[in-house]
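Asks: Input file: start.txt. Contents: compact mmCIF, C-alpha atoms.
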# COMPACT_ATOMS: atom_id res chain seq x y z
CA MET A 1 27.93 10.48 32.92
CA LYS A 2 24.73 11.64 34.60
CA LYS A 3 24.49 14.50 32.13
CA ALA A 4 24.78 12.13 29.14
CA LEU A 5 22.13 9.85 30.64
CA LEU A 6 19.83 12.82 31.22
CA ILE A 7 20.27 14.03 27.64
CA ALA A 8 19.65 10.53 26.28
CA SER A 9 16.50 10.21 28.41
CA VAL A 10 15.16 13.57 27.23
CA LEU A 11 15.82 12.65 23.59
CA PHE A 12 14.16 9.25 24.05
CA ILE A 13 11.06 10.85 25.58
CA ALA A 14 10.95 13.45 22.78
CA VAL A 15 11.10 10.75 20.11
CA ILE A 16 8.39 8.66 21.78
CA SER A 17 6.16 11.72 22.26
CA THR A 18 6.57 12.72 18.62
CA ALA A 19 5.74 9.20 17.45
CA CYS A 20 2.59 9.16 19.59
CA ILE A 21 1.48 12.55 18.29
CA ASN A 22 2.12 11.42 14.70
CA ASN A 23 0.09 8.23 15.25
CA ILE A 24 -2.82 10.25 16.61
CA ALA A 25 -2.63 12.72 13.71
CA VAL A 26 -2.46 9.90 11.15
CA GLN A 27 -5.47 8.18 12.68
CA GLU A 28 -7.41 11.44 12.74
CA LEU A 29 -6.60 12.14 9.08
CA ASN A 30 -7.59 8.60 8.08
CA ASN A 31 -10.87 8.84 10.00
CA LYS A 32 -11.69 12.18 8.37
CA ALA A 33 -10.85 10.74 4.95
CA ALA A 34 -13.25 7.84 5.61
CA GLU A 35 -16.00 10.33 6.44
CA TYR A 36 -15.34 12.21 3.21
CA MET A 37 -15.39 8.98 1.21
CA GLN A 38 -18.74 7.98 2.73
CA LYS A 39 -20.12 11.36 1.65
CA GLY A 40 -18.70 10.97 -1.86
CA ASP A 41 -16.24 13.83 -1.42
CA TYR A 42 -13.28 11.98 -2.89
CA GLU A 43 -11.18 15.09 -3.52
CA SER A 44 -11.13 15.90 0.20
CA ALA A 45 -10.45 12.27 1.04
CA VAL A 46 -7.45 12.26 -1.32
CA ASN A 47 -6.07 15.37 0.35
CA ARG A 48 -6.43 13.90 3.85
CA LEU A 49 -4.88 10.58 2.87
CA GLN A 50 -1.93 12.27 1.18
CA ALA A 51 -1.35 14.27 4.37
CA SER A 52 -1.54 11.05 6.36
CA ILE A 53 1.12 9.46 4.16
CA ASP A 54 3.31 12.54 4.63
CA LEU A 55 3.24 11.83 8.37
CA ASP A 56 3.63 8.05 8.16
CA SER A 57 4.36 6.32 4.89
CA SER A 58 4.46 2.80 6.34
CA ILE A 59 0.73 2.07 6.64
CA TYR A 60 -0.42 0.02 3.67
CA GLU A 61 -4.11 0.64 4.38
CA THR A 62 -3.61 4.37 3.82
CA TYR A 63 -2.18 3.70 0.36
CA TYR A 64 -5.09 1.39 -0.41
CA ASN A 65 -7.65 3.96 0.69
CA LEU A 66 -5.83 6.69 -1.25
CA GLY A 67 -5.94 4.50 -4.34
CA ILE A 68 -9.68 3.98 -3.97
CA ALA A 69 -10.41 7.66 -3.28
CA ALA A 70 -8.21 8.86 -6.15
CA THR A 71 -9.80 6.39 -8.58
CA ASN A 72 -13.24 7.65 -7.60
CA ALA A 73 -12.00 11.24 -8.02
CA LYS A 74 -10.67 10.25 -11.48
CA LYS A 75 -7.13 11.13 -10.40
CA TYR A 76 -5.73 8.00 -11.95
CA ASP A 77 -2.03 8.90 -11.77
CA ILE A 78 -2.34 9.40 -8.00
CA ALA A 79 -4.36 6.19 -7.63
CA ILE A 80 -1.91 4.07 -9.60
CA ASP A 81 1.09 5.51 -7.76
CA ALA A 82 -0.52 4.97 -4.33
CA LEU A 83 -1.53 1.39 -5.08
CA GLN A 84 1.92 0.52 -6.46
CA LYS A 85 3.54 1.95 -3.32
CA GLY A 86 1.13 -0.03 -1.18
CA ILE A 87 2.11 -3.20 -3.02
CA GLN A 88 5.74 -2.48 -2.10
CA ILE A 89 4.69 -2.54 1.57
CA LYS A 90 2.31 -5.52 1.44
CA SER A 91 2.63 -7.45 -1.79
CA ASP A 92 0.33 -10.28 -0.69
CA TYR A 93 -2.74 -8.05 -0.24
CA ALA A 94 -4.93 -9.18 -3.15
CA ASN A 95 -7.17 -6.10 -3.13
CA PHE A 96 -4.23 -3.91 -4.12
CA TYR A 97 -3.99 -5.74 -7.43
CA TYR A 98 -7.71 -5.60 -8.12
CA SER A 99 -7.92 -1.88 -7.31
CA LEU A 100 -4.80 -1.15 -9.34
CA GLY A 101 -6.33 -3.02 -12.26
CA VAL A 102 -9.53 -1.00 -11.94
CA ALA A 103 -7.63 2.30 -11.85
CA GLN A 104 -5.61 1.31 -14.93
CA TYR A 105 -8.69 0.04 -16.75
CA GLU A 106 -10.71 3.20 -16.06
CA TYR A 107 -7.78 5.44 -16.97
CA ALA A 108 -7.41 3.60 -20.29
CA ASP A 109 -11.11 4.09 -20.99
CA GLU A 110 -10.82 7.79 -20.20
CA LEU A 111 -7.87 8.15 -22.58
CA THR A 112 -9.82 6.53 -25.41
CA ASP A 113 -13.20 8.15 -24.73
CA THR A 114 -14.56 9.50 -28.02
CA GLU A 115 -17.58 11.36 -26.65
CA ASP A 116 -18.09 14.91 -27.88
CA ASP A 117 -16.56 13.93 -31.24
CA LYS A 118 -13.02 14.15 -29.92
CA LYS A 119 -10.40 12.01 -31.62
CA VAL A 120 -8.08 9.69 -29.76
CA THR A 121 -4.44 10.56 -30.31
CA GLU A 122 -1.99 7.81 -31.12
CA GLU A 123 -0.10 8.63 -27.92
CA ASN A 124 -3.26 8.20 -25.83
CA GLN A 125 -4.09 4.95 -27.63
CA GLN A 126 -0.62 3.55 -26.92
CA LYS A 127 -0.85 4.56 -23.26
CA ALA A 128 -4.33 3.04 -23.02
CA ASP A 129 -3.09 -0.22 -24.54
CA SER A 130 -0.24 -0.35 -22.03
CA LEU A 131 -2.64 0.39 -19.15
CA LYS A 132 -5.03 -2.37 -20.25
CA LYS A 133 -2.14 -4.85 -20.47
CA SER A 134 -1.05 -3.92 -16.94
CA ALA A 135 -4.65 -4.03 -15.72
CA SER A 136 -5.01 -7.55 -17.10
CA GLU A 137 -1.84 -8.64 -15.29
CA ASN A 138 -3.04 -7.08 -12.03
CA PHE A 139 -6.47 -8.71 -12.29
CA ALA A 140 -4.73 -12.05 -12.88
CA LYS A 141 -2.51 -11.48 -9.82
CA TYR A 142 -5.63 -10.66 -7.77
CA LEU A 143 -7.16 -14.01 -8.76
CA GLU A 144 -3.88 -15.81 -8.08
CA LEU A 145 -3.81 -14.41 -4.53
CA ASN A 146 -7.56 -14.83 -4.05
CA PRO A 147 -8.56 -17.96 -6.03
CA GLN A 148 -11.90 -18.26 -4.22
CA ALA A 149 -12.90 -14.64 -4.94
CA GLU A 150 -16.66 -14.12 -5.09
CA ASP A 151 -16.17 -11.79 -8.05
CA LYS A 152 -13.99 -14.26 -9.96
CA GLU A 153 -16.24 -14.39 -13.05
CA ALA A 154 -16.49 -10.60 -13.27
CA VAL A 155 -12.71 -10.25 -12.94
CA GLU A 156 -12.18 -12.90 -15.63
CA GLU A 157 -14.46 -10.84 -17.89
CA LEU A 158 -12.32 -7.76 -17.21
CA ILE A 159 -9.20 -9.74 -18.11
CA LYS A 160 -10.88 -10.92 -21.31
CA ASP A 161 -11.91 -7.35 -22.18
CA CYS A 162 -8.37 -6.07 -21.56
CA THR A 163 -6.90 -8.84 -23.70
CA GLU A 164 -9.40 -8.30 -26.53
CA SER A 165 -8.75 -4.55 -26.46
CA ASN A 166 -5.06 -5.18 -27.02
CA SER A 167 -5.52 -7.92 -29.63
CA ASP A 168 -7.81 -5.67 -31.73
CA LYS A 169 -4.79 -3.59 -32.68
If you convert what's in this file into structure tokens, what do you get?

Replies:
Amino acid sequence: MKKALLIASVLFIAVISTACINNIAVQELNNKAAEYMQKGDYESAVNRLQASIDLDSSIYETYYNLGIAATNAKKYDIAIDALQKGIQIKSDYANFYYSLGVAQYEYADELTDTEDDKKVTEENQQKADSLKKSASENFAKYLELNPQAEDKEAVEELIKDCTESNSDK
């Protein structure tokens, strides 16, 4: 009986120690990512935040920050995925929806960019239309959760732009 109690105690201490070490590592990675973001080094911030999520995937703020960093790095697939996962953790956080809408909106614009005389493929146009529709829905959800938003008029303009983009087809 004493042996079983000793083994259980050792395992408990090991688990607690590991959790503490993980929390410290996650905090350190998040702090370093914030430094990179302040310097405009979004690629490095994305890498640090992804490593942080590998250690602890339950912190919604890390997903939010990853979404912001990835959008700024023009890594839209990563941004959209991170923000959607963050919404699964904290669905009432209005900024997730706004940031997700921005990532989708910017990605759609990138897909339909006709600079340098390049033509937009039908596949890219369809994906862009779908992204703009989703962006519009996410902007609307942001306003629903944050009806007194200071940027309400600007967000309503984004919704209008998304809707007009899709109705032009």

Asks: Need to verify the contact set: stretch 127-132 of chain A, 12 Å, all atoms listed in the file, exclusion of same-chain residues closer than 3 positions in sequence. Can you return it as a ChimeraX atom specification?

Replies: /A:76-77,80,100-113,120-124,135-139,158-169

Asks: Which distance in Å separates atom CA of A:Met37 and atom CA of A:Lys133, to one decimal?

Replies: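 Answer for the atom CA of A:Met37 to atom CA of A:Lys133 separation: 28.9 Å.
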
Asks: Have a look at atom CA of A:Ile78 and atom CA of A:Leu145 and let me know their distance in Å, one decimal.

Replies: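 If I compute the distance from atom CA of A:Ile78 to atom CA of A:Leu145, I get 24.1 Å.
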
Asks: Nearest residue to A:Ser57 out of A:Tyr93, A:Glu153, A:Gly86, A:Thr114, using all atoms listed in the file?

Replies: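 Of A:Tyr93, A:Glu153, A:Gly86, A:Thr114, the one nearest A:Ser57, counting all atoms listed in the file, is A:Gly86.
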
Asks: Residues near stretch 90-92 of chain A, anyone? I mean within 12 Å using only C-alpha atoms, not counting same-chain ones fewer than 3 positions away, as a PyMOL selection string.

Replies: chain A and resi 58-64+83-87+95-98+138+141-146

Asks: Residues at most 10 Å from A:Asn47, counting all atoms listed in the file, excluding those fewer than 5 positions away in the same chain, as JSON, numbers by chain?

Replies: {"A": [29, 33, 42, 52, 66, 69, 70]}

Asks: Could you please take those selected residues and save C-alpha atoms as an mmCIF file, in the frame of the given file?

Replies:
data_model
loop_
_atom_site.group_PDB
_atom_site.id
_atom_site.type_symbol
_atom_site.label_atom_id
_atom_site.label_comp_id
_atom_site.auth_asym_id
_atom_site.auth_seq_id
_atom_site.Cartn_x
_atom_site.Cartn_y
_atom_site.Cartn_z
ATOM 1 C CA LEU A 29 -6.600 12.140 9.080
ATOM 2 C CA ALA A 33 -10.850 10.740 4.950
ATOM 3 C CA TYR A 42 -13.280 11.980 -2.890
ATOM 4 C CA SER A 52 -1.540 11.050 6.360
ATOM 5 C CA LEU A 66 -5.830 6.690 -1.250
ATOM 6 C CA ALA A 69 -10.410 7.660 -3.280
ATOM 7 C CA ALA A 70 -8.210 8.860 -6.150
#

Asks: Quick one: pull the distance between atom CA of A:Ser99 and atom CA of A:Ala79, Å, one decimal.

Replies: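 One can read the atom CA of A:Ser99 to atom CA of A:Ala79 distance as 8.8 Å.
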